[in-house]
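Source file: structure.cif; contents: mmCIF, C-alpha atoms.
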```cif
data_final
#
loop_
_atom_site.label_atom_id
_atom_site.label_comp_id
_atom_site.auth_asym_id
_atom_site.auth_seq_id
_atom_site.Cartn_x
_atom_site.Cartn_y
_atom_site.Cartn_z
CA MET I 2 -77.35 -53.26 42.18
CA SER I 3 -81.11 -52.71 42.43
CA LYS I 4 -83.39 -55.31 40.96
CA GLN I 5 -84.40 -54.70 37.34
CA ILE I 6 -88.03 -54.35 36.29
CA ASN I 7 -89.08 -56.89 33.66
CA LYS I 8 -92.21 -58.22 31.96
CA ASP I 9 -92.98 -60.42 34.96
CA THR I 10 -92.78 -57.64 37.55
CA THR I 11 -95.99 -57.31 39.59
CA LEU I 12 -97.29 -53.77 40.02
CA CYS I 13 -98.98 -52.40 43.15
CA ILE I 14 -100.15 -48.80 43.40
CA SER I 15 -101.82 -46.24 45.63
CA LEU I 16 -104.49 -43.65 44.86
CA ALA I 17 -104.63 -40.40 46.83
CA ALA I 18 -105.59 -36.79 46.26
CA ARG I 19 -102.10 -35.79 47.40
CA PRO I 20 -99.74 -38.75 46.91
CA SER I 21 -96.71 -39.10 49.18
CA ASN I 22 -93.54 -41.18 49.11
CA PHE I 23 -94.33 -43.11 52.29
CA GLY I 24 -95.95 -46.06 50.52
CA THR I 25 -93.50 -46.20 47.64
CA ARG I 26 -90.52 -46.21 49.98
CA PHE I 27 -92.04 -48.68 52.46
CA HIS I 28 -93.21 -51.28 49.95
CA ASN I 29 -90.27 -51.03 47.56
CA PHE I 30 -87.81 -51.34 50.46
CA LEU I 31 -89.46 -54.62 51.47
CA TYR I 32 -89.68 -55.92 47.90
CA GLU I 33 -85.94 -55.47 47.51
CA ALA I 34 -85.08 -56.78 50.99
CA LEU I 35 -87.16 -59.91 50.40
CA ASP I 36 -86.04 -60.26 46.76
CA ILE I 37 -89.53 -60.44 45.27
CA ASN I 38 -90.39 -59.18 41.81
CA PHE I 39 -92.84 -56.40 42.73
CA ILE I 40 -92.83 -52.63 42.33
CA TYR I 41 -95.00 -49.96 43.97
CA LYS I 42 -95.98 -46.56 42.53
CA ALA I 43 -98.17 -43.75 43.91
CA PHE I 44 -100.80 -42.07 41.74
CA THR I 45 -103.60 -39.55 41.85
CA THR I 46 -106.52 -39.42 39.44
CA PRO I 47 -109.37 -37.13 38.35
CA ASP I 48 -111.30 -40.23 37.22
CA LEU I 49 -111.60 -42.85 39.95
CA SER I 50 -113.81 -45.18 37.89
CA ALA I 51 -111.25 -45.28 35.07
CA ALA I 52 -108.45 -45.91 37.58
CA ILE I 53 -110.28 -48.87 39.14
CA THR I 54 -111.04 -50.23 35.67
CA GLY I 55 -107.31 -49.94 34.97
CA ILE I 56 -106.46 -51.96 38.07
CA ARG I 57 -108.70 -54.75 36.84
CA GLY I 58 -107.75 -54.51 33.16
CA LEU I 59 -103.97 -54.27 33.69
CA ASN I 60 -103.92 -56.92 36.41
CA ILE I 61 -102.44 -54.55 38.99
CA ARG I 62 -102.16 -56.71 42.10
CA GLY I 63 -102.97 -54.21 44.84
CA CYS I 64 -104.03 -50.64 45.44
CA GLY I 65 -103.84 -48.52 48.58
CA VAL I 66 -106.73 -46.05 48.77
CA SER I 67 -106.54 -42.69 50.56
CA MET I 68 -108.67 -39.56 50.83
CA PRO I 69 -110.97 -38.78 49.10
CA TYR I 70 -111.56 -42.17 47.45
CA LYS I 71 -112.21 -44.45 50.43
CA GLU I 72 -115.99 -44.50 50.11
CA ALA I 73 -116.35 -43.57 46.45
CA CYS I 74 -114.62 -46.77 45.29
CA ILE I 75 -116.95 -49.13 47.17
CA SER I 76 -119.42 -49.54 44.31
CA MET I 77 -116.55 -50.32 41.93
CA VAL I 78 -115.19 -53.46 43.65
CA ASP I 79 -116.55 -57.01 43.68
CA GLU I 80 -116.44 -57.80 47.39
CA LEU I 81 -115.93 -56.09 50.75
CA ASP I 82 -113.97 -57.83 53.49
CA ASP I 83 -115.55 -57.64 56.94
CA SER I 84 -113.03 -54.95 57.94
CA ALA I 85 -114.33 -52.67 55.17
CA LYS I 86 -117.96 -53.76 55.36
CA ALA I 87 -118.24 -52.92 59.06
CA ILE I 88 -117.37 -49.28 58.53
CA ASN I 89 -118.30 -48.86 54.86
CA SER I 90 -114.85 -47.55 53.99
CA VAL I 91 -111.97 -48.96 51.94
CA ASN I 92 -108.23 -48.37 52.07
CA THR I 93 -106.93 -51.49 50.31
CA ILE I 94 -107.95 -53.29 47.13
CA VAL I 95 -106.56 -56.71 46.22
CA ASN I 96 -106.90 -57.94 42.64
CA THR I 97 -106.98 -61.71 42.10
CA ASP I 98 -107.36 -62.52 38.41
CA GLY I 99 -109.64 -59.54 37.84
CA TYR I 100 -111.68 -60.01 41.03
CA LEU I 101 -111.37 -56.98 43.31
CA LYS I 102 -111.75 -57.46 47.06
CA ALA I 103 -111.57 -54.44 49.38
CA TYR I 104 -110.28 -54.23 52.96
CA ASN I 105 -109.70 -51.59 55.63
CA THR I 106 -106.30 -51.92 57.28
CA ASP I 107 -106.57 -48.43 58.85
CA TYR I 108 -109.02 -49.92 61.34
CA ILE I 109 -106.49 -52.64 62.22
CA ALA I 110 -103.69 -50.10 62.65
CA ILE I 111 -105.67 -47.77 64.93
CA THR I 112 -106.80 -50.69 67.08
CA LYS I 113 -103.19 -51.85 67.50
CA LEU I 114 -101.93 -48.36 68.38
CA LEU I 115 -104.58 -47.80 71.06
CA ALA I 116 -103.43 -51.06 72.66
CA GLN I 117 -99.72 -50.35 72.14
CA TYR I 118 -99.95 -46.97 73.90
CA GLN I 119 -102.19 -48.49 76.60
CA VAL I 120 -104.74 -45.73 76.18
CA SER I 121 -107.26 -45.98 79.01
CA LYS I 122 -110.79 -46.85 77.87
CA ASP I 123 -112.08 -44.45 80.54
CA LEU I 124 -110.83 -41.40 78.66
CA VAL I 125 -113.38 -39.10 77.05
CA PHE I 126 -112.40 -38.56 73.42
CA ALA I 127 -113.18 -36.02 70.72
CA LEU I 128 -112.81 -37.38 67.19
CA LYS I 129 -112.71 -34.70 64.49
CA GLY I 130 -113.91 -35.74 61.03
CA SER I 131 -116.57 -37.91 59.43
CA GLY I 132 -114.83 -39.42 56.40
CA GLY I 133 -113.23 -42.81 55.84
CA MET I 134 -110.41 -42.44 58.36
CA ALA I 135 -112.79 -41.05 60.97
CA LYS I 136 -114.99 -44.12 60.48
CA ALA I 137 -112.00 -46.40 61.01
CA ALA I 138 -111.11 -44.52 64.21
CA ALA I 139 -114.68 -44.39 65.55
CA PHE I 140 -115.25 -48.11 65.17
CA ALA I 141 -111.78 -48.97 66.46
CA LEU I 142 -112.60 -46.96 69.60
CA LYS I 143 -116.02 -48.55 69.94
CA ASN I 144 -114.75 -52.10 69.52
CA ALA I 145 -111.83 -51.45 71.88
CA GLY I 146 -114.32 -50.61 74.63
CA PHE I 147 -114.38 -46.81 74.67
CA SER I 148 -117.83 -45.58 75.67
CA LYS I 149 -117.39 -41.84 76.34
CA GLY I 150 -116.74 -39.58 73.41
CA TYR I 151 -118.12 -37.55 70.58
CA ILE I 152 -117.73 -37.01 66.86
CA VAL I 153 -116.86 -33.42 65.89
CA ALA I 154 -118.04 -32.76 62.34
CA LYS I 155 -119.62 -29.74 60.68
CA ASN I 156 -121.39 -31.85 58.07
CA PRO I 157 -124.82 -32.60 59.61
CA VAL I 158 -125.37 -35.65 57.42
CA THR I 159 -122.09 -37.55 57.62
CA GLY I 160 -121.35 -36.38 61.17
CA LYS I 161 -124.64 -37.56 62.58
CA GLU I 162 -124.55 -40.77 60.56
CA LEU I 163 -121.12 -41.68 61.94
CA ALA I 164 -122.15 -40.79 65.49
CA ASP I 165 -125.35 -42.85 65.25
CA ALA I 166 -123.60 -45.82 63.65
CA SER I 167 -120.79 -45.92 66.23
CA GLY I 168 -122.96 -45.07 69.21
CA PHE I 169 -121.31 -41.78 70.13
CA GLU I 170 -122.56 -38.21 70.39
CA TRP I 171 -122.30 -35.77 67.47
CA ARG I 172 -121.25 -32.12 67.80
CA THR I 173 -120.49 -29.50 65.18
CA GLU I 174 -117.71 -27.90 67.21
CA ILE I 175 -115.52 -28.97 70.09
CA GLY I 176 -116.34 -25.68 71.85
CA ASP I 177 -115.57 -25.59 75.56
CA HIS I 178 -116.16 -29.30 76.03
CA ASP I 179 -113.07 -30.86 77.54
CA ALA I 180 -111.82 -34.17 76.15
CA ASP I 181 -109.04 -36.35 77.51
CA MET I 182 -108.03 -37.60 74.06
CA LEU I 183 -108.15 -35.60 70.84
CA ILE I 184 -108.12 -37.43 67.50
CA ASN I 185 -107.75 -35.59 64.21
CA ALA I 186 -109.12 -37.51 61.22
CA THR I 187 -109.34 -34.53 58.86
CA PRO I 188 -106.81 -33.08 56.34
CA ILE I 189 -106.00 -30.21 58.73
CA GLY I 190 -102.22 -30.09 59.07
CA MET I 191 -101.57 -32.14 55.93
CA SER I 192 -98.76 -31.00 53.63
CA GLY I 193 -99.96 -29.27 50.50
CA GLY I 194 -103.38 -28.32 51.84
CA VAL I 195 -104.83 -24.93 52.65
CA ASP I 196 -104.75 -25.83 56.36
CA ALA I 197 -101.21 -27.24 56.32
CA GLN I 198 -100.03 -24.87 59.07
CA SER I 199 -103.19 -25.03 61.19
CA LEU I 200 -103.92 -26.80 64.46
CA ALA I 201 -106.78 -29.28 64.23
CA PHE I 202 -107.91 -28.33 67.77
CA ASN I 203 -107.73 -25.13 69.78
CA GLU I 204 -104.85 -24.63 72.20
CA ALA I 205 -107.05 -24.82 75.31
CA SER I 206 -108.39 -28.24 74.30
CA ILE I 207 -104.89 -29.53 73.55
CA LYS I 208 -103.58 -28.31 76.91
CA HIS I 209 -106.42 -30.08 78.72
CA ALA I 210 -106.07 -33.40 76.89
CA GLN I 211 -103.77 -36.24 77.92
CA VAL I 212 -103.45 -37.97 74.54
CA ILE I 213 -103.21 -36.38 71.07
CA PHE I 214 -103.71 -38.68 68.08
CA ASP I 215 -103.26 -37.20 64.58
CA VAL I 216 -103.92 -39.63 61.72
CA VAL I 217 -102.36 -37.27 59.14
CA ALA I 218 -99.23 -39.03 57.88
CA LEU I 219 -97.65 -36.24 55.85
CA PRO I 220 -95.73 -34.54 57.35
CA SER I 221 -94.67 -37.04 60.01
CA GLU I 222 -94.90 -34.24 62.57
CA THR I 223 -97.98 -32.07 61.98
CA PRO I 224 -98.51 -28.70 63.66
CA LEU I 225 -100.85 -30.49 66.10
CA LEU I 226 -98.23 -33.05 67.10
CA ILE I 227 -95.47 -30.44 67.39
CA TYR I 228 -97.60 -28.32 69.68
CA ALA I 229 -98.73 -31.34 71.72
CA LYS I 230 -95.14 -32.48 72.26
CA LYS I 231 -94.25 -29.05 73.59
CA GLN I 232 -97.08 -29.51 76.09
CA GLU I 233 -95.58 -32.92 77.00
CA LYS I 234 -98.64 -34.85 75.90
CA THR I 235 -98.72 -38.49 74.84
CA VAL I 236 -98.78 -38.33 71.03
CA ILE I 237 -99.72 -40.95 68.43
CA SER I 238 -98.86 -40.07 64.83
CA GLY I 239 -100.32 -40.73 61.44
CA SER I 240 -96.98 -42.09 60.27
CA GLU I 241 -97.40 -44.85 62.87
CA VAL I 242 -100.87 -45.59 61.51
CA PHE I 243 -99.45 -45.67 58.03
CA ALA I 244 -96.63 -48.06 58.90
CA ILE I 245 -98.88 -50.64 60.57
CA GLN I 246 -101.60 -50.52 57.92
CA ALA I 247 -98.93 -50.70 55.20
CA VAL I 248 -97.49 -53.96 56.49
CA GLU I 249 -101.02 -55.39 56.55
CA GLN I 250 -101.40 -54.28 52.92
CA PHE I 251 -98.02 -55.76 52.06
CA SER I 252 -99.11 -59.12 53.43
CA LEU I 253 -102.38 -59.02 51.48
CA TYR I 254 -100.56 -58.23 48.23
CA THR I 255 -97.65 -60.69 48.57
CA ASP I 256 -98.82 -63.37 51.05
CA ILE I 257 -95.59 -62.62 52.95
CA ARG I 258 -95.47 -61.06 56.42
CA PRO I 259 -92.14 -59.31 57.17
CA ASN I 260 -90.54 -59.98 60.52
CA ASP I 261 -90.38 -57.19 63.08
CA GLU I 262 -86.79 -56.23 62.22
CA LEU I 263 -87.64 -55.72 58.54
CA PHE I 264 -90.82 -53.88 59.48
CA GLN I 265 -88.86 -51.42 61.63
CA LEU I 266 -86.24 -50.90 58.92
CA ALA I 267 -88.91 -50.28 56.26
CA THR I 268 -90.75 -47.88 58.57
CA ALA I 269 -87.57 -45.89 59.28
CA TYR I 270 -86.70 -45.81 55.56
CA SER I 271 -90.20 -44.59 54.61
CA ARG I 272 -89.83 -41.58 56.93
CA LYS I 273 -86.56 -40.30 55.44
#
```

Show me the file's structure as structure tokens.
Amino acid sequence: MSKQINKDTTLCISLAARPSNFGTRFHNFLYEALDINFIYKAFTTPDLSAAITGIRGLNIRGCGVSMPYKEACISMVDELDDSAKAINSVNTIVNTDGYLKAYNTDYIAITKLLAQYQVSKDLVFALKGSGGMAKAAAFALKNAGFSKGYIVAKNPVTGKELADASGFEWRTEIGDHDADMLINATPIGMSGGVDAQSLAFNEASIKHAQVIFDVVALPSETPLLIYAKKQEKTVISGSEVFAIQAVEQFSLYTDIRPNDELFQLATAYSRK
């Protein structure tokens, strides 16, 4: 029998423009497996300020933050952890007695995946996007030792700012420039969006590249990843990013770090 919710149950939530079941399944699986009195629910909101006020006022313990709220919420919290401060982007808020501290576990996840897949630091990369996830990826690449690459972003303000801050070149289009690793940090390919069936990069660029990294987590296999697998490329998925950053969030919310077996079970369950 599943655990019953009661007056002492601790609530954690997520805020996203297009909520998914990944977080709810991952966190709730671990709460039940570890027998702790927590529950996790995904939300969206047209009023971010009111939502953050609600977190504080209702003593909601934790909040995962996704597009498009990662930068907009910064002025609404009390403190930024170094992981969020370094890239000026938030994906996790922890509430301790009304004091909101923000973190960025996306950065941690991307760093771990680059190491896990043993991606060579000599590869030239093209990173598409200039939002919160793109910032996490750009600084993860920089701090991992990558020195050759460029930010692909049409927005001349945010694109150039991210390129300047991370020390990489900025371009508005990938064009004919060949990159060894392609990283999509935009909503292209995300379920429910206008570009859900689109490739984030052109076919010629994908065929040239060695590694394809798509941070979109929903669906678990985006059009970009499906095409890249057919070309027998090394692929890194957004669902992998999600799983690693989620366990970091889980630890921040509960002060418990699941062992590897539980982590793998929760990850598999979240993808069903």

Starting from the displayed file, determine the output of the PyMOL selection byres ((chain I and resi 197) around 12) and express the residue list as an mmCIF file with C-alpha atoms, keeping the file's coordinate frame.
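Wrote selection.cif, looks like this:
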```cif
data_model
loop_
_atom_site.group_PDB
_atom_site.id
_atom_site.type_symbol
_atom_site.label_atom_id
_atom_site.label_comp_id
_atom_site.auth_asym_id
_atom_site.auth_seq_id
_atom_site.Cartn_x
_atom_site.Cartn_y
_atom_site.Cartn_z
ATOM 1 C CA THR I 187 -109.340 -34.530 58.860
ATOM 2 C CA PRO I 188 -106.810 -33.080 56.340
ATOM 3 C CA ILE I 189 -106.000 -30.210 58.730
ATOM 4 C CA GLY I 190 -102.220 -30.090 59.070
ATOM 5 C CA MET I 191 -101.570 -32.140 55.930
ATOM 6 C CA SER I 192 -98.760 -31.000 53.630
ATOM 7 C CA GLY I 193 -99.960 -29.270 50.500
ATOM 8 C CA GLY I 194 -103.380 -28.320 51.840
ATOM 9 C CA VAL I 195 -104.830 -24.930 52.650
ATOM 10 C CA ASP I 196 -104.750 -25.830 56.360
ATOM 11 C CA GLN I 198 -100.030 -24.870 59.070
ATOM 12 C CA SER I 199 -103.190 -25.030 61.190
ATOM 13 C CA LEU I 200 -103.920 -26.800 64.460
ATOM 14 C CA ALA I 201 -106.780 -29.280 64.230
ATOM 15 C CA VAL I 217 -102.360 -37.270 59.140
ATOM 16 C CA LEU I 219 -97.650 -36.240 55.850
ATOM 17 C CA PRO I 220 -95.730 -34.540 57.350
ATOM 18 C CA GLU I 222 -94.900 -34.240 62.570
ATOM 19 C CA THR I 223 -97.980 -32.070 61.980
ATOM 20 C CA PRO I 224 -98.510 -28.700 63.660
ATOM 21 C CA LEU I 225 -100.850 -30.490 66.100
#
```

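CA of Glu233 (chain I) to CA of Ala269 (chain I) spans 23.4 Å [interatomic distance, one decimal].
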
Could you pull out every residue with an atom within 9 Å of (-112.3, -53.2, 58.8), file coordinates, counting only C-alpha atoms, and send them as a PyMOL selection string? chain I and resi 82-91+104-109+137+140-141

Can you work out the spacing between CA of Ile227 (chain I) and CA of Val242 (chain I) in Å, to one decimal?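 About the pair CA of Ile227 (chain I) and CA of Val242 (chain I): they are 17.1 Å apart.
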
Could you check which of I:Phe202, I:Phe39, I:Phe169, I:Tyr228 is closest to Leu142 (chain I), using all atoms listed in the file?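 Smallest distance to Leu142 (chain I) is found for I:Phe169.
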
Counting all atoms listed in the file, what is within 9 Å of Lys273 (chain I), bar same-chain residues fewer than 2 positions away, as a ChimeraX atom specification? /I:23,26,269-271

Determine the residue membership of the PyMOL selection byres ((chain I and resi 203-207) around 9) for the file above and supply it as a PDB file with C-alpha atoms, in the frame of the given file.
```
ATOM      1  CA  ILE I 175    -115.520 -28.970  70.090  1.00  0.00           C
ATOM      2  CA  GLY I 176    -116.340 -25.680  71.850  1.00  0.00           C
ATOM      3  CA  ASP I 177    -115.570 -25.590  75.560  1.00  0.00           C
ATOM      4  CA  HIS I 178    -116.160 -29.300  76.030  1.00  0.00           C
ATOM      5  CA  ASP I 179    -113.070 -30.860  77.540  1.00  0.00           C
ATOM      6  CA  ALA I 180    -111.820 -34.170  76.150  1.00  0.00           C
ATOM      7  CA  ASP I 181    -109.040 -36.350  77.510  1.00  0.00           C
ATOM      8  CA  MET I 182    -108.030 -37.600  74.060  1.00  0.00           C
ATOM      9  CA  LEU I 183    -108.150 -35.600  70.840  1.00  0.00           C
ATOM     10  CA  LEU I 200    -103.920 -26.800  64.460  1.00  0.00           C
ATOM     11  CA  ALA I 201    -106.780 -29.280  64.230  1.00  0.00           C
ATOM     12  CA  PHE I 202    -107.910 -28.330  67.770  1.00  0.00           C
ATOM     13  CA  LYS I 208    -103.580 -28.310  76.910  1.00  0.00           C
ATOM     14  CA  HIS I 209    -106.420 -30.080  78.720  1.00  0.00           C
ATOM     15  CA  ALA I 210    -106.070 -33.400  76.890  1.00  0.00           C
ATOM     16  CA  GLN I 211    -103.770 -36.240  77.920  1.00  0.00           C
ATOM     17  CA  VAL I 212    -103.450 -37.970  74.540  1.00  0.00           C
ATOM     18  CA  ILE I 213    -103.210 -36.380  71.070  1.00  0.00           C
ATOM     19  CA  LEU I 225    -100.850 -30.490  66.100  1.00  0.00           C
ATOM     20  CA  TYR I 228     -97.600 -28.320  69.680  1.00  0.00           C
ATOM     21  CA  ALA I 229     -98.730 -31.340  71.720  1.00  0.00           C
ATOM     22  CA  GLN I 232     -97.080 -29.510  76.090  1.00  0.00           C
ATOM     23  CA  LYS I 234     -98.640 -34.850  75.900  1.00  0.00           C
TER      24      LYS I 234
END
```

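Shell of Ile237 (chain I) at 10 Å, with all atoms listed in the file counted and residues fewer than 2 places along the chain excluded, is Ile111, Leu114, Leu115, Tyr118, Ile184, Val212, Ile213, Phe214, Asp215, Val216, Leu226, Lys234, Thr235, Gly239, Ser240, Glu241 and Val242 of chain I.
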
Just the residues within 8 Å of Ser167 (chain I), please, counting all atoms listed in the file, with nothing from its chain fewer than 2 positions along; format it as a ChimeraX atom specification. /I:139-140,143,163-165,169

Can you tell me, as a list in words, what residues are no more than 12 Å from Tyr100 (chain I) when counting all atoms listed in the file, ignoring any on the same chain fewer than 6 positions away?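 Those residues are Ile53, Thr54, Ile56, Arg57, Gly58, Asn60, Ile61, Arg62, Gly63, Met77, Val78, Asp79, Glu80, Leu81 and Ile94 of chain I.
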
Mind dumping the selected residues with C-alpha atoms as a CSV table (one decimal), in the frame of the given file?
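The new file out-v5.csv reads:
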```csv
chain,number,residue,atom,x,y,z
I,53,ILE,CA,-110.3,-48.9,39.1
I,54,THR,CA,-111.0,-50.2,35.7
I,56,ILE,CA,-106.5,-52.0,38.1
I,57,ARG,CA,-108.7,-54.8,36.8
I,58,GLY,CA,-107.8,-54.5,33.2
I,60,ASN,CA,-103.9,-56.9,36.4
I,61,ILE,CA,-102.4,-54.6,39.0
I,62,ARG,CA,-102.2,-56.7,42.1
I,63,GLY,CA,-103.0,-54.2,44.8
I,77,MET,CA,-116.6,-50.3,41.9
I,78,VAL,CA,-115.2,-53.5,43.6
I,79,ASP,CA,-116.6,-57.0,43.7
I,80,GLU,CA,-116.4,-57.8,47.4
I,81,LEU,CA,-115.9,-56.1,50.8
I,94,ILE,CA,-108.0,-53.3,47.1
```
